[in-house]
Each structure stands twice: as structure tokens, then as C-alpha cells.
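Structure file upload18.pdb (PDB, C-alpha atoms) follows.
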ATOM      1  CA  MET A   1     229.668 100.891 124.644
ATOM      2  CA  THR A   2     230.644 103.923 122.579
ATOM      3  CA  GLU A   3     230.696 103.490 118.815
ATOM      4  CA  SER A   4     234.124 104.007 117.250
ATOM      5  CA  LYS A   5     234.479 106.998 114.958
ATOM      6  CA  LEU A   6     237.085 107.821 112.324
ATOM      7  CA  VAL A   7     237.408 111.600 111.926
ATOM      8  CA  ASP A   8     238.353 112.872 108.470
ATOM      9  CA  SER A   9     240.245 116.042 107.585
ATOM     10  CA  SER A  10     237.170 118.234 107.031
ATOM     11  CA  ALA A  11     235.943 117.440 110.538
ATOM     12  CA  TRP A  12     239.350 118.018 112.155
ATOM     13  CA  ILE A  13     239.748 121.331 110.316
ATOM     14  CA  ALA A  14     236.274 122.464 111.406
ATOM     15  CA  TYR A  15     237.114 121.421 114.966
ATOM     16  CA  VAL A  16     240.399 123.351 115.070
ATOM     17  CA  GLN A  17     238.879 126.430 113.436
ATOM     18  CA  GLU A  18     235.751 126.174 115.615
ATOM     19  CA  GLU A  19     233.679 126.715 112.468
ATOM     20  CA  ARG A  20     230.810 124.294 112.922
ATOM     21  CA  ASP A  21     228.475 123.609 115.815
ATOM     22  CA  GLY A  22     228.445 120.075 117.116
ATOM     23  CA  ILE A  23     231.900 118.950 116.090
ATOM     24  CA  GLN A  24     233.578 120.243 119.277
ATOM     25  CA  GLY A  25     231.306 118.241 121.542
ATOM     26  CA  MET A  26     231.552 115.148 119.384
ATOM     27  CA  ILE A  27     235.347 115.125 119.388
ATOM     28  CA  GLU A  28     235.777 116.150 123.013
ATOM     29  CA  ASP A  29     233.172 113.717 124.377
ATOM     30  CA  GLU A  30     234.045 110.705 122.240
ATOM     31  CA  LYS A  31     236.144 107.973 123.820
ATOM     32  CA  ALA A  32     236.961 105.883 120.733
ATOM     33  CA  LEU A  33     238.293 108.290 118.093
ATOM     34  CA  PHE A  34     240.490 107.223 115.204
ATOM     35  CA  THR A  35     242.255 109.131 112.444
ATOM     36  CA  SER A  36     243.878 107.876 109.256
ATOM     37  CA  THR A  37     247.515 108.753 108.657
ATOM     38  CA  LEU A  38     246.272 110.130 105.338
ATOM     39  CA  THR A  39     244.055 112.594 107.199
ATOM     40  CA  LEU A  40     247.149 113.898 108.990
ATOM     41  CA  PHE A  41     248.632 114.581 105.547
ATOM     42  CA  GLU A  42     245.520 116.477 104.412
ATOM     43  CA  VAL A  43     245.362 118.569 107.595
ATOM     44  CA  ALA A  44     249.092 119.379 107.470
ATOM     45  CA  ARG A  45     248.855 120.332 103.795
ATOM     46  CA  LYS A  46     245.970 122.711 104.503
ATOM     47  CA  TRP A  47     247.904 124.561 107.227
ATOM     48  CA  LEU A  48     251.133 124.636 105.214
ATOM     49  CA  ARG A  49     249.250 126.210 102.296
ATOM     50  CA  ASP A  50     248.123 128.906 104.750
ATOM     51  CA  ASP A  51     251.756 129.368 105.911
ATOM     52  CA  ILE A  52     250.951 127.980 109.362
ATOM     53  CA  ASP A  53     253.149 125.413 111.118
ATOM     54  CA  PRO A  54     250.908 122.337 111.528
ATOM     55  CA  ALA A  55     252.950 120.725 114.339
ATOM     56  CA  ARG A  56     250.673 121.852 117.209
ATOM     57  CA  ILE A  57     247.517 120.820 115.362
ATOM     58  CA  LEU A  58     248.898 117.411 114.385
ATOM     59  CA  LYS A  59     250.037 116.805 117.962
ATOM     60  CA  ALA A  60     246.516 117.608 119.226
ATOM     61  CA  ILE A  61     245.012 115.140 116.749
ATOM     62  CA  THR A  62     247.439 112.393 117.790
ATOM     63  CA  ILE A  63     246.631 113.007 121.454
ATOM     64  CA  ARG A  64     242.849 112.932 120.914
ATOM     65  CA  SER A  65     242.754 109.942 118.555
ATOM     66  CA  THR A  66     244.433 106.681 117.638
ATOM     67  CA  ILE A  67     246.256 106.963 114.306
ATOM     68  CA  LEU A  68     245.577 104.199 111.788
ATOM     69  CA  PRO A  69     248.226 103.624 109.085
ATOM     70  CA  PRO A  70     247.411 102.522 105.538
ATOM     71  CA  THR A  71     247.825  98.824 104.812
ATOM     72  CA  ALA A  72     247.686  96.583 101.747
ATOM     73  CA  LYS A  73     244.213  95.440 102.836
ATOM     74  CA  ILE A  74     243.039  99.065 103.047
ATOM     75  CA  ALA A  75     244.527  99.808  99.607
ATOM     76  CA  THR A  76     242.774  96.835  98.031
ATOM     77  CA  LEU A  77     239.385  97.724  99.507
ATOM     78  CA  ALA A  78     239.935 101.400  98.631
ATOM     79  CA  ALA A  79     240.450 100.537  94.974
ATOM     80  CA  GLN A  80     237.153  98.643  94.941
ATOM     81  CA  LEU A  81     235.329 101.465  96.753
ATOM     82  CA  SER A  82     236.829 104.075  94.437
ATOM     83  CA  VAL A  83     235.437 102.285  91.407
ATOM     84  CA  SER A  84     232.057 101.325  92.862
ATOM     85  CA  HIS A  85     231.321 104.692  94.526
ATOM     86  CA  LYS A  86     233.318 106.962  92.206
ATOM     87  CA  LEU A  87     235.430 108.258  95.096
ATOM     88  CA  ALA A  88     238.745 110.071  94.702
ATOM     89  CA  ALA A  89     241.801 108.062  95.744
ATOM     90  CA  MET A  90     242.340 109.762  99.108
ATOM     91  CA  ASP A  91     238.624 109.620  99.971
ATOM     92  CA  SER A  92     238.439 105.936  99.125
ATOM     93  CA  LEU A  93     241.522 105.191 101.267
ATOM     94  CA  ILE A  94     240.056 107.029 104.256
ATOM     95  CA  TYR A  95     236.639 105.407 103.785
ATOM     96  CA  ALA A  96     238.254 101.951 103.503
ATOM     97  CA  THR A  97     240.170 102.634 106.721
ATOM     98  CA  ALA A  98     236.902 103.376 108.499
ATOM     99  CA  GLN A  99     235.200 100.294 107.056
ATOM    100  CA  LEU A 100     237.968  97.838 107.915
ATOM    101  CA  ASN A 101     238.274  99.220 111.444
ATOM    102  CA  GLU A 102     234.496  99.128 111.988
ATOM    103  CA  CYS A 103     234.266 102.879 112.518
ATOM    104  CA  THR A 104     231.662 105.416 111.504
ATOM    105  CA  LEU A 105     233.319 108.010 109.271
ATOM    106  CA  ILE A 106     232.711 111.553 110.582
ATOM    107  CA  THR A 107     232.998 114.189 107.850
ATOM    108  CA  PHE A 108     231.680 117.425 106.386
ATOM    109  CA  ASP A 109     232.570 116.183 102.867
ATOM    110  CA  THR A 110     229.382 115.553 100.870
ATOM    111  CA  ASP A 111     231.282 113.156  98.577
ATOM    112  CA  PHE A 112     230.582 110.563 101.302
ATOM    113  CA  ALA A 113     226.825 111.232 101.436
ATOM    114  CA  GLY A 114     224.773 108.076 101.116
ATOM    115  CA  LEU A 115     227.625 105.700 101.957
ATOM    116  CA  SER A 116     227.105 103.212 104.764
ATOM    117  CA  ASN A 117     228.643 103.921 108.156
ATOM    118  CA  THR A 118     229.207 107.607 107.448
ATOM    119  CA  GLU A 119     227.913 110.661 109.254
ATOM    120  CA  VAL A 120     228.037 113.705 106.999
ATOM    121  CA  LEU A 121     227.760 116.742 109.237
ATOM    122  CA  ARG A 122     226.416 120.118 108.138
TER     123      ARG A 122
END

Reformat the file's structure so that it appears as C-alpha cells.
Amino acid sequence: MTESKLVDSSAWIAYVQEERDGIQGMIEDEKALFTSTLTLFEVARKWLRDDIDPARILKAITIRSTILPPTAKIATLAAQLSVSHKLAAMDSLIYATAQLNECTLITFDTDFAGLSNTEVLR
């Protein structure tokens, strides 16, 4: 059985921009991909700042992955993780989403280095 993966904004951005080796194959070959609603916000914000309409990119993400909304349970765990691991609010919410959905977090963000169930790509 394939391990479930939650893809964060840095990984989706690298995938769309074809910047990093390995991420294309991982996303295209993976059967159980998930994305936090908060990641959609971060990706959209990045493209809007670059004056690019994010609609096509967001649609591609929603086709390739299951979108996971924030919940009260995620918020509660995120607060604990933010304090214990000194994570920013958005990072802790995304990490909590991965943890509660038993996913490995896939990221290029070194703020997640050393955390359990994360794969920090280079």
C-alpha cells in the first residue's frame, strides 16, 4: 500500500515551476496525495503577488490531490505543535493536518527539518 503524503506549498510551487528534481515524479506517481486548504491559500497568494491568475494552478492541485479543510481538532493540535516546535502559525496548521491524517508531510521548507513524519526535499 502506498503511504499517504500531504504536499505543502513549497513542494507544489516547485512542482509547477519545475524547479527541483524529484518532485515531479513524486507527485505524478503518488496515488494518495493530500493538500491542506491552507496550502491552496499560500500557493494562490504567491501567484497573485507575481500578477499571475492562480485559477489553473489551483485546479491542477485539486485534481491531483484530496483537499483537507482545517478543523477544530487541527487547530488545537497546531497550537501545541507551534509552541513545542516553535513553528509559525501556518506551518503548525499544515503540519497538524498531516499528523492527524496520518500523512508524511512533503516540503522544501527547512523549518520542518527534524520533525517526525516529514520529508524535507532539497

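Taken over the whole file, the PyMOL selection byres ((chain A and resi 45-58) around 12) covers exactly Ser9, Ser10, Trp12, Ile13, Ala14, Tyr15, Val16, Gln17, Thr35, Ser36, Thr37, Leu38, Thr39, Leu40, Phe41, Glu42, Val43, Ala44, Lys59, Ala60, Ile61, Thr62, Ile63, Arg64, Ser65 and Ile67 of chain A.
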
Please write the residues picked by the PyMOL selection byres ((chain A and resi 7) around 7) on this file as a VMD selection string.
-> chain A and resid 5 to 6 8 to 9 11 to 12 34 to 35 105 to 107

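We find CA of Leu100 (chain A) and CA of Met26 (chain A) to be spaced 21.7 Å apart.
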
Given only C-alpha atoms as the counted atoms, nearest of A:Leu33, A:Ala88, A:Ile27, A:Ala79 to Glu102 (chain A) = A:Leu33

Any chance you could work out the residue set of the PyMOL selection byres ((chain A and resi 120) around 6) here, as a ChimeraX atom specification?
-> /A:107-108,119,121

Just C-alpha atoms for this one: save the residues we selected as a PDB file, in the coordinates of the input.
ATOM      1  CA  THR A 107     232.998 114.189 107.850  1.00  0.00           C
ATOM      2  CA  PHE A 108     231.680 117.425 106.386  1.00  0.00           C
ATOM      3  CA  GLU A 119     227.913 110.661 109.254  1.00  0.00           C
ATOM      4  CA  LEU A 121     227.760 116.742 109.237  1.00  0.00           C
TER       5      LEU A 121
END

Distance query 12 Å from (233.4, 100.6, 95.7) using only C-alpha atoms, result as a PyMOL selection string = chain A and resi 75-89+91-93+95-96+99+112+115-116

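Between CA of Ile23 (chain A) and CA of Asp109 (chain A) the separation is 13.5 Å.
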
Box in all listed atoms of region 39-55 of chain A, axis-aligned, with 5 Å more on each side; write out centre and edge lengths in Å to one decimal as lines of an AutoDock Vina configuration file.
center_x = 248.6
center_y = 121.0
center_z = 108.3
size_x = 19.1
size_y = 26.8
size_z = 22.0

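From CA of Glu19 (chain A) back to CA of Ala98 (chain A), the distance works out to 23.9 Å.
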
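Between Thr118 (chain A) and the candidates A:Ala32, A:Ala72, A:Cys103, A:Met90, the tightest atom-to-atom separation, counting all atoms listed in the file, involves A:Cys103.
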
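Proximity of A:Asp29, A:Thr110, A:Arg122, A:Thr71 to Glu3 (chain A), computed with all atoms listed in the file, is greatest for A:Asp29.
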
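Taking all atoms listed in the file into account, Ile94 (chain A) lies nearest to A:Ile74 out of the set A:Gly25, A:Thr66, A:Ile74, A:Glu18.
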
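Checking A:Leu68, A:Gly22, A:Glu28, A:Ala113 one by one against Asn101 (chain A), counting only C-alpha atoms, you find the shortest gap at A:Leu68.
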